[in-house]
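Structure file target.cif (mmCIF, C-alpha atoms (C1' of nucleotides)) follows.
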data_input
loop_
_atom_site.label_atom_id
_atom_site.label_comp_id
_atom_site.auth_asym_id
_atom_site.auth_seq_id
_atom_site.Cartn_x
_atom_site.Cartn_y
_atom_site.Cartn_z
CA MET A 1218 84.21 40.44 30.56
CA THR A 1219 85.90 38.07 28.16
CA GLU A 1220 85.18 34.93 30.12
CA LEU A 1221 81.79 33.39 30.70
CA SER A 1222 80.12 31.41 33.46
CA ILE A 1223 78.66 28.01 32.75
CA GLY A 1224 75.16 29.48 32.74
CA GLU A 1225 76.11 32.06 30.14
CA VAL A 1226 77.73 29.44 27.96
CA ALA A 1227 74.66 27.25 28.29
CA GLU A 1228 72.49 30.12 27.20
CA ARG A 1229 74.49 30.96 24.14
CA THR A 1230 75.31 27.47 22.96
CA GLY A 1231 71.95 25.92 23.69
CA LEU A 1232 73.56 23.14 25.71
CA SER A 1233 72.32 22.66 29.26
CA VAL A 1234 74.69 23.31 32.16
CA HIS A 1235 74.38 19.61 32.88
CA ALA A 1236 75.50 18.79 29.36
CA LEU A 1237 78.43 21.19 29.62
CA ARG A 1238 79.71 19.51 32.76
CA PHE A 1239 79.04 16.13 31.22
CA TYR A 1240 81.06 17.00 28.10
CA GLU A 1241 83.93 18.11 30.27
CA ARG A 1242 83.88 14.92 32.34
CA GLU A 1243 83.85 12.92 29.14
CA GLY A 1244 86.98 14.62 27.90
CA LEU A 1245 85.30 16.33 24.98
CA LEU A 1246 86.91 19.66 25.68
CA VAL A 1247 90.38 20.45 24.47
CA GLY A 1248 91.77 22.20 27.49
CA PRO A 1249 90.72 22.09 31.09
CA VAL A 1250 88.36 24.97 31.67
CA ARG A 1251 89.76 27.70 33.88
CA ARG A 1252 88.28 28.08 37.36
CA THR A 1253 87.74 31.00 39.71
CA ALA A 1254 89.23 30.93 43.21
CA GLY A 1255 85.89 29.55 44.36
CA GLY A 1256 86.00 26.70 41.86
CA ARG A 1257 83.52 28.00 39.32
CA ARG A 1258 84.18 27.42 35.65
CA ARG A 1259 85.17 30.36 33.48
CA TYR A 1260 84.93 29.66 29.79
CA ALA A 1261 87.26 31.47 27.41
CA VAL A 1262 86.25 32.43 23.90
CA LEU A 1263 88.28 29.53 22.52
CA ASP A 1264 86.41 27.10 24.73
CA VAL A 1265 83.11 28.34 23.39
CA GLN A 1266 84.34 28.16 19.81
CA TRP A 1267 85.44 24.60 20.35
CA LEU A 1268 82.05 23.82 21.84
CA GLU A 1269 80.41 25.23 18.76
CA ILE A 1270 82.38 22.84 16.61
CA CYS A 1271 81.44 19.98 18.92
CA ILE A 1272 77.81 20.92 18.62
CA ARG A 1273 77.98 20.84 14.85
CA LEU A 1274 79.70 17.51 14.83
CA ARG A 1275 77.21 16.08 17.29
CA GLU A 1276 74.26 17.53 15.38
CA SER A 1277 75.51 15.78 12.32
CA GLY A 1278 75.58 12.49 14.17
CA MET A 1279 79.18 12.07 15.26
CA PRO A 1280 79.21 9.79 18.32
CA LEU A 1281 80.71 11.18 21.51
CA ALA A 1282 83.49 8.59 21.32
CA ASP A 1283 84.71 10.02 18.01
CA LEU A 1284 84.36 13.52 19.32
CA ARG A 1285 86.52 12.55 22.26
CA ARG A 1286 89.06 11.02 19.93
CA PHE A 1287 89.19 14.24 17.95
CA ALA A 1288 89.56 16.31 21.12
CA ASP A 1289 92.39 14.01 22.22
CA LEU A 1290 94.21 14.59 18.95
CA VAL A 1291 93.84 18.34 19.19
CA ARG A 1292 94.93 18.27 22.80
CA GLN A 1293 98.10 16.40 21.82
CA GLY A 1294 99.07 19.34 19.63
CA PRO A 1295 100.59 19.48 16.15
CA GLY A 1296 101.88 16.35 14.43
CA ASN A 1297 98.75 14.29 14.03
CA GLU A 1298 96.94 16.40 11.44
CA ALA A 1299 96.71 13.47 9.05
CA GLU A 1300 94.73 11.52 11.57
CA ARG A 1301 92.47 14.46 12.34
CA LEU A 1302 91.84 14.79 8.64
CA ARG A 1303 90.97 11.11 8.30
CA LEU A 1304 88.57 11.37 11.19
CA LEU A 1305 86.78 14.42 9.81
CA ASP A 1306 86.76 13.08 6.31
CA ALA A 1307 85.25 9.78 7.36
CA HIS A 1308 82.60 11.71 9.19
CA ARG A 1309 81.90 13.91 6.20
CA GLN A 1310 81.35 10.80 4.14
CA ARG A 1311 78.89 9.48 6.69
CA VAL A 1312 77.05 12.78 6.64
CA ASP A 1313 76.87 12.68 2.85
CA GLU A 1314 75.53 9.17 2.99
CA ARG A 1315 72.98 10.18 5.58
CA ILE A 1316 71.80 13.10 3.49
CA ARG A 1317 71.37 10.81 0.51
CA GLU A 1318 69.39 8.37 2.65
CA LEU A 1319 67.15 11.10 4.02
CA GLU A 1320 66.49 12.43 0.57
CA GLU A 1321 65.36 9.00 -0.55
CA CYS A 1322 63.04 8.71 2.43
CA ARG A 1323 61.79 12.19 1.80
CA SER A 1324 60.76 11.33 -1.70
CA LEU A 1325 58.78 8.32 -0.53
CA ILE A 1326 57.08 10.38 2.15
CA ALA A 1327 56.33 13.19 -0.26
CA TRP A 1328 54.80 10.72 -2.62
CA LYS A 1329 52.59 9.27 0.08
CA THR A 1330 51.46 12.69 1.26
CA ALA A 1331 50.62 13.47 -2.35
CA VAL A 1332 48.47 10.34 -2.50
CA TYR A 1333 46.58 11.42 0.60
CA ALA A 1334 46.25 15.04 -0.46
CA ASP A 1335 44.91 13.93 -3.81
CA HIS A 1336 42.51 11.59 -2.12
CA LEU A 1337 41.20 14.27 0.20
CA GLU A 1338 40.76 16.73 -2.62
CA ARG A 1339 38.54 14.30 -4.48
CA GLY A 1340 36.45 13.82 -1.38
CA GLU A 1341 36.46 11.27 1.37
CA ALA A 1342 34.54 8.79 -0.74
CA ALA A 1343 37.25 8.24 -3.34
CA GLY A 1344 39.01 5.02 -2.56
CA LEU A 1345 42.57 4.81 -1.38
CA TRP A 1346 41.90 1.13 -1.37
CA ASP A 1347 41.04 0.92 -5.01
CA PRO A 1348 44.17 -0.27 -6.75
CA THR A 1349 42.92 0.98 -10.10
CA ALA A 1350 42.53 4.59 -8.94
CA GLY A 1351 44.93 6.86 -10.76
CA SER A 1352 47.47 8.23 -8.32
CA PRO A 1353 50.84 9.92 -8.72
CA ALA A 1354 53.58 7.58 -9.83
CA ALA A 1355 55.66 6.05 -7.08
CA PRO A 1356 59.33 6.91 -6.81
CA GLY A 1357 61.99 4.24 -6.67
CA GLN A 1358 61.57 0.61 -7.59
CA SER A 1359 58.46 -0.44 -5.68
CA SER A 1360 55.26 0.76 -7.20
CA SER A 1361 52.48 -0.71 -5.09
CA LEU A 1362 53.20 0.59 -1.63
CA SER A 1363 50.06 2.68 -1.51
CA SER A 1364 47.45 -0.02 -1.63
CA ARG A 1365 47.22 -0.37 2.09
CA SER A 1366 47.68 3.05 3.48
CA MET B 276 54.93 -19.74 -1.39
CA THR B 277 53.37 -16.32 -1.03
CA GLU B 278 53.85 -16.10 2.71
CA LEU B 279 57.14 -15.80 4.53
CA SER B 280 58.55 -16.95 7.86
CA ILE B 281 59.96 -14.44 10.29
CA GLY B 282 63.48 -15.46 9.33
CA GLU B 283 62.82 -14.84 5.66
CA VAL B 284 61.28 -11.47 6.39
CA ALA B 285 64.25 -10.58 8.56
CA GLU B 286 66.56 -11.49 5.74
CA ARG B 287 64.84 -9.42 3.13
CA THR B 288 64.01 -6.38 5.22
CA GLY B 289 67.25 -6.22 7.12
CA LEU B 290 65.42 -6.13 10.44
CA SER B 291 66.38 -8.77 12.98
CA VAL B 292 63.85 -11.38 14.02
CA HIS B 293 64.00 -9.80 17.44
CA ALA B 294 63.10 -6.42 15.98
CA LEU B 295 60.23 -7.94 14.00
CA ARG B 296 58.69 -9.42 17.10
CA PHE B 297 59.37 -6.22 18.97
CA TYR B 298 57.61 -4.13 16.30
CA GLU B 299 54.63 -6.41 16.49
CA ARG B 300 54.43 -6.20 20.28
CA GLU B 301 54.65 -2.44 20.02
CA GLY B 302 51.65 -2.29 17.72
CA LEU B 303 53.59 -1.01 14.74
CA LEU B 304 52.03 -3.46 12.35
CA VAL B 305 48.69 -2.80 10.76
CA GLY B 306 47.13 -6.20 11.00
CA PRO B 307 47.92 -9.08 13.27
CA VAL B 308 50.32 -11.36 11.44
CA ARG B 309 48.82 -14.68 10.43
CA ARG B 310 50.05 -17.76 12.25
CA THR B 311 50.48 -21.39 11.31
CA ALA B 312 48.71 -24.10 13.31
CA GLY B 313 51.89 -24.37 15.34
CA GLY B 314 51.91 -20.69 16.19
CA ARG B 315 54.64 -19.50 13.78
CA ARG B 316 54.23 -16.17 12.08
CA ARG B 317 53.48 -16.11 8.36
CA TYR B 318 53.99 -12.72 6.81
CA ALA B 319 51.91 -11.78 3.79
CA VAL B 320 53.20 -9.54 1.02
CA LEU B 321 51.19 -6.65 2.41
CA ASP B 322 52.82 -7.09 5.80
CA VAL B 323 56.25 -6.88 4.23
CA GLN B 324 55.29 -3.82 2.20
CA TRP B 325 54.05 -2.12 5.32
CA LEU B 326 57.29 -3.01 7.05
CA GLU B 327 59.20 -1.43 4.23
CA ILE B 328 57.32 1.79 4.78
CA CYS B 329 57.99 1.56 8.50
CA ILE B 330 61.67 1.10 7.81
CA ARG B 331 61.78 4.20 5.66
CA LEU B 332 59.95 6.25 8.23
CA ARG B 333 62.23 5.00 10.99
CA GLU B 334 65.33 5.55 8.92
CA SER B 335 64.26 9.10 8.44
CA GLY B 336 63.96 9.55 12.19
CA MET B 337 60.28 9.06 12.91
CA PRO B 338 59.96 7.92 16.53
CA LEU B 339 58.28 4.59 17.18
CA ALA B 340 55.45 6.38 18.98
CA ASP B 341 54.51 8.28 15.81
CA LEU B 342 54.86 5.16 13.76
CA ARG B 343 52.47 3.44 16.12
CA ARG B 344 50.05 6.33 15.82
CA PHE B 345 50.17 6.03 12.05
CA ALA B 346 49.64 2.29 12.22
CA ASP B 347 46.68 2.87 14.52
CA LEU B 348 45.11 5.24 12.02
CA VAL B 349 45.57 2.83 9.14
CA ARG B 350 44.21 0.01 11.24
CA GLN B 351 41.08 2.03 11.98
CA GLY B 352 40.37 2.12 8.25
CA PRO B 353 39.07 4.91 5.99
CA GLY B 354 37.84 8.19 7.42
CA ASN B 355 40.94 9.59 9.05
CA GLU B 356 42.96 10.36 5.97
CA ALA B 357 43.29 13.99 6.94
CA GLU B 358 45.04 13.02 10.13
CA ARG B 359 47.32 10.58 8.37
CA LEU B 360 48.22 13.33 5.96
CA ARG B 361 48.99 15.74 8.80
CA LEU B 362 51.19 13.15 10.44
CA LEU B 363 53.15 12.40 7.30
CA ASP B 364 53.40 15.99 6.31
CA ALA B 365 54.73 17.03 9.71
CA HIS B 366 57.29 14.30 9.40
CA ARG B 367 58.28 15.39 5.92
CA GLN B 368 58.88 18.85 7.26
CA ARG B 369 61.11 17.49 9.99
CA VAL B 370 63.04 15.51 7.42
CA ASP B 371 63.48 18.61 5.29
CA GLU B 372 64.69 20.52 8.30
CA ARG B 373 67.08 17.74 9.17
CA ILE B 374 68.51 17.66 5.67
CA ARG B 375 69.06 21.41 5.81
CA GLU B 376 70.80 21.04 9.17
CA LEU B 377 73.04 18.25 7.92
CA GLU B 378 73.98 20.25 4.87
CA GLU B 379 75.05 23.11 7.05
CA CYS B 380 77.15 20.82 9.21
CA ARG B 381 78.57 19.24 6.11
CA SER B 382 79.80 22.54 4.83
CA LEU B 383 81.58 23.30 8.10
CA ILE B 384 83.17 19.87 8.12
CA ALA B 385 84.18 20.15 4.48
CA TRP B 386 85.79 23.47 5.22
CA LYS B 387 87.74 22.06 8.15
CA THR B 388 88.91 19.07 6.16
CA ALA B 389 90.03 21.50 3.47
CA VAL B 390 92.05 23.39 6.07
CA TYR B 391 93.77 20.20 7.16
CA ALA B 392 94.32 18.92 3.64
CA ASP B 393 95.82 22.24 2.68
CA HIS B 394 98.02 22.18 5.72
CA LEU B 395 99.28 18.69 5.00
CA GLU B 396 99.97 19.50 1.40
CA ARG B 397 102.22 22.37 2.42
CA GLY B 398 104.07 20.06 4.76
CA GLU B 399 103.76 19.36 8.46
CA ALA B 400 105.75 22.47 9.33
CA ALA B 401 103.21 24.98 8.10
CA GLY B 402 101.27 26.28 11.06
CA LEU B 403 97.64 25.56 11.65
CA TRP B 404 98.12 27.67 14.70
CA ASP B 405 99.24 30.71 12.82
CA PRO B 406 96.18 32.94 12.59
CA THR B 407 97.69 34.89 9.72
CA ALA B 408 98.15 31.87 7.47
CA GLY B 409 95.97 32.12 4.38
CA SER B 410 93.36 29.36 4.49
CA PRO B 411 90.11 28.79 2.62
CA ALA B 412 87.35 31.13 3.69
CA ALA B 413 85.04 29.84 6.38
CA PRO B 414 81.39 29.20 5.54
CA GLY B 415 78.60 30.72 7.61
CA GLN B 416 78.97 33.56 10.07
CA SER B 417 81.88 32.52 12.22
CA SER B 418 85.24 32.95 10.62
CA SER B 419 87.78 32.05 13.27
CA LEU B 420 86.89 28.51 14.16
CA SER B 421 90.08 27.10 12.73
CA SER B 422 92.57 28.71 15.02
CA ARG B 423 92.51 25.96 17.53
CA SER B 424 92.09 22.78 15.56
"C1'" DG C 130 61.90 -41.49 17.96
"C1'" DT C 131 65.32 -38.45 18.21
"C1'" DA C 132 68.54 -34.78 16.95
"C1'" DG C 133 68.99 -30.12 15.49
"C1'" DG C 134 67.54 -25.88 14.10
"C1'" DA C 135 64.07 -22.31 13.65
"C1'" DA C 136 60.69 -20.02 16.15
"C1'" DG C 137 57.72 -19.09 20.32
"C1'" DT C 138 57.16 -16.22 24.96
"C1'" DG C 139 58.15 -13.02 28.80
"C1'" DG C 140 61.17 -10.24 30.63
"C1'" DA C 141 65.87 -8.52 31.69
"C1'" DG C 142 69.72 -5.93 29.83
"C1'" DC C 143 72.27 -2.70 26.99
"C1'" DG C 144 74.42 1.45 24.59
"C1'" DC C 145 73.85 6.05 23.91
"C1'" DG C 146 73.40 10.66 25.29
"C1'" DG C 147 72.30 13.01 28.30
"C1'" DT C 148 69.25 14.62 32.74
"C1'" DC C 149 68.38 14.98 37.45
"C1'" DT C 150 69.09 14.68 42.55
"C1'" DA C 151 71.27 15.60 46.93
"C1'" DG C 152 73.65 18.19 49.57
"C1'" DA C 153 77.40 21.48 49.93
"C1'" DT C 154 79.62 25.91 48.51
"C1'" DC C 155 80.08 30.38 46.52
"C1'" DA C 156 78.83 35.15 45.61
"C1'" DA C 157 75.85 39.35 45.20
"C1'" DG C 158 72.41 42.34 47.27
"C1'" DC C 159 70.05 43.95 51.23
"C1'" DG D 798 74.71 38.60 58.94
"C1'" DC D 799 71.27 36.60 55.91
"C1'" DT D 800 68.84 35.38 51.89
"C1'" DT D 801 68.81 34.02 47.23
"C1'" DG D 802 70.32 31.93 43.40
"C1'" DA D 803 73.97 30.08 40.68
"C1'" DT D 804 77.35 26.58 40.80
"C1'" DC D 805 79.93 22.65 42.62
"C1'" DT D 806 80.61 17.14 42.90
"C1'" DA D 807 79.40 12.30 42.67
"C1'" DG D 808 76.47 9.37 41.25
"C1'" DA D 809 71.70 7.63 40.23
"C1'" DC D 810 68.32 7.65 36.75
"C1'" DC D 811 65.93 8.02 32.17
"C1'" DG D 812 63.98 7.33 27.27
"C1'" DC D 813 64.74 5.19 23.16
"C1'" DG D 814 65.28 1.36 20.28
"C1'" DC D 815 66.39 -2.50 20.20
"C1'" DT D 816 69.02 -7.08 21.78
"C1'" DC D 817 69.59 -10.98 24.34
"C1'" DC D 818 68.43 -14.72 27.66
"C1'" DA D 819 66.09 -18.77 29.36
"C1'" DC D 820 63.31 -21.86 28.44
"C1'" DT D 821 59.64 -24.15 25.57
"C1'" DT D 822 57.63 -25.72 21.35
"C1'" DC D 823 57.53 -26.87 16.57
"C1'" DC D 824 59.07 -29.15 12.52
"C1'" DT D 825 62.19 -31.56 9.27
"C1'" DA D 826 65.38 -35.16 8.37
"C1'" DC D 827 67.49 -39.19 9.46
#

Now, as a test, write the supplied structure out as structure tokens.
Amino acid sequence: MTELSIGEVAERTGLSVHALRFYEREGLLVGPVRRTAGGRRRYAVLDVQWLEICIRLRESGMPLADLRRFADLVRQGPGNEAERLRLLDAHRQRVDERIRELEECRSLIAWKTAVYADHLERGEAAGLWDPTAGSPAAPGQSSSLSSRS
Amino acid sequence: MTELSIGEVAERTGLSVHALRFYEREGLLVGPVRRTAGGRRRYAVLDVQWLEICIRLRESGMPLADLRRFADLVRQGPGNEAERLRLLDAHRQRVDERIRELEECRSLIAWKTAVYADHLERGEAAGLWDPTAGSPAAPGQSSSLSSRS
DNA sequence: GTAGGAAGTGGAGCGCGGTCTAGATCAAGC
DNA sequence: GCTTGATCTAGACCGCGCTCCACTTCCTAC
């Protein structure tokens, strides 16, 4: 049983059957999926592996349009590897940038949670609103973001 | 000139004036923004600081609904710090999770770009399709994702 | 006083990434 | 044969986060 039904693929990839059909319609798959005599889809191992790559790229924020572009390139066969590389590399850079951004946000959030945790530990009465209260130092440039919240 | 017009706030926060009005309508701001006699918004420093927090939280993927909930809590004043903490902390955890996820994706993408770069360096003739070709080891569990692309 | 630009309001529209519906067909088990 | 459940297609619909439109009002400068 080396080929899978759409339901089985949905189960093991985490995509819904709806999403699987949608991806196919949108040209995100490299080859046309094989069908049974009755018209049902039969996914080969390669199809599922490709889907797993798609899922990773999507998870990391690649828009469907780029994913389609990548699938188009692969579908065209050898000869356009430089373009595939550019596409993936540009995406990797965006992912790096996004990670950096998230880490910055994370540090602000962590600092604010520390302010609250500290406040709660000292008891409800201690004032978050008192600007002179000693609280953990703020990260980044701005140092007075806590006064209101 | 300690208060700013909506245009000035847009310029320094990077939000559009449309978005600023939208955020206000959606209850994402803590206090009602002051108005001039003629009805124009005048943003105080605190308003802008709050917006900067909102922007960070949004950037890091907090949905507007949660942001509104947080604004509601702050608006209600002292006494609900524990809930604010829970909200922020839950978000921080999601951000951490997201960073982890992105890093995993990044390593797959980096590996695939390495495969392509390697291929191009050896010249267009070398086969990406040859499963026996020595290529950098794949990260994670799956080791045969390259054969198709 | 009038021109021009910024800002006001309410509400429609949009781009993305799916999700769901309707109604038909297929396939396995009794 | 019949039921049950998975799958099929085409196309409508949705939630989110804005964005834009139409039209009015305000304000500054000439």

Apply the PyMOL selection byres ((chain B) within 12 of (chain C)) to the displayed file and report the matching residues as a list in words.
Ser280, Ile281, Gly282, Glu283, Val292, His293, Arg296, Phe297, Arg300, Arg310, Thr311, Gly313, Gly314, Arg315, Arg316 and Arg317 of chain B

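Put simply, the PyMOL selection byres ((chain D) within 12 of (chain A)) on this file hits DG802, DA803, DT804, DC805, DT806 and DA807 of chain D.
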
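Between CA of Val1332 in chain A and CA of Leu377 in chain B the interatomic distance comes to 27.8 Å.
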
For Pro1280 in chain A, work out the shell of residues within 12 Å, counting all atoms listed in the file and skipping chain neighbours fewer than 2 positions away, then give it as a count of residues only.
21

One decimal place gives the CA of Arg381 in chain B-CA of Gly289 in chain B separation as 27.9 Å

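Relative to CA of Thr277 in chain B, CA of Tyr298 in chain B is found at 21.6 Å.
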
Using all atoms listed in the file, which chain B residues lie at most 8 Å away from chain A, written as a PyMOL selection string?
chain B and resi 321+324-325+328+331-332+334-335+349+354+356-357+359-360+363-364+367+370-371+374+376-378+380-381+384-385+387-388+391-392+395+399+420+423-424

Here's the selection I'm unsure about, the PyMOL selection byres ((chain B and resi 278) around 7); applied to the file above, which residues does it give, as a ChimeraX atom specification?
/B:276-277,279,317-320

Some atoms are absent from range 328-341 of chain B, so rebuild N, CA and C atoms and return them as a short mmCIF file (atom, residue, chain, number, x, y, z; two decimals), in the frame of the given file.
data_model
loop_
_atom_site.label_atom_id
_atom_site.label_comp_id
_atom_site.auth_asym_id
_atom_site.auth_seq_id
_atom_site.Cartn_x
_atom_site.Cartn_y
_atom_site.Cartn_z
N ILE B 328 57.66 0.40 4.50
CA ILE B 328 57.32 1.79 4.78
C ILE B 328 57.82 2.18 6.17
N CYS B 329 57.54 1.30 7.13
CA CYS B 329 57.99 1.56 8.50
C CYS B 329 59.49 1.81 8.53
N ILE B 330 60.21 0.99 7.81
CA ILE B 330 61.67 1.10 7.81
C ILE B 330 62.10 2.46 7.28
N ARG B 331 61.45 2.89 6.22
CA ARG B 331 61.78 4.20 5.66
C ARG B 331 61.48 5.31 6.66
N LEU B 332 60.33 5.20 7.28
CA LEU B 332 59.95 6.25 8.23
C LEU B 332 60.91 6.27 9.41
N ARG B 333 61.26 5.09 9.88
CA ARG B 333 62.23 5.00 10.99
C ARG B 333 63.58 5.54 10.57
N GLU B 334 64.04 5.10 9.44
CA GLU B 334 65.33 5.55 8.92
C GLU B 334 65.40 7.06 8.86
N SER B 335 64.27 7.64 8.57
CA SER B 335 64.26 9.10 8.44
C SER B 335 63.98 9.76 9.78
N GLY B 336 64.01 8.97 10.85
CA GLY B 336 63.96 9.55 12.19
C GLY B 336 62.59 9.64 12.83
N MET B 337 61.58 9.01 12.24
CA MET B 337 60.28 9.06 12.91
C MET B 337 60.34 8.19 14.16
N PRO B 338 59.93 8.73 15.32
CA PRO B 338 59.96 7.92 16.53
C PRO B 338 58.94 6.79 16.47
N LEU B 339 59.20 5.72 17.19
CA LEU B 339 58.28 4.59 17.18
C LEU B 339 56.87 5.00 17.60
N ALA B 340 56.77 5.95 18.51
CA ALA B 340 55.45 6.38 18.98
C ALA B 340 54.62 6.94 17.83
N ASP B 341 55.24 7.72 16.95
CA ASP B 341 54.51 8.28 15.81
C ASP B 341 54.16 7.18 14.82
#
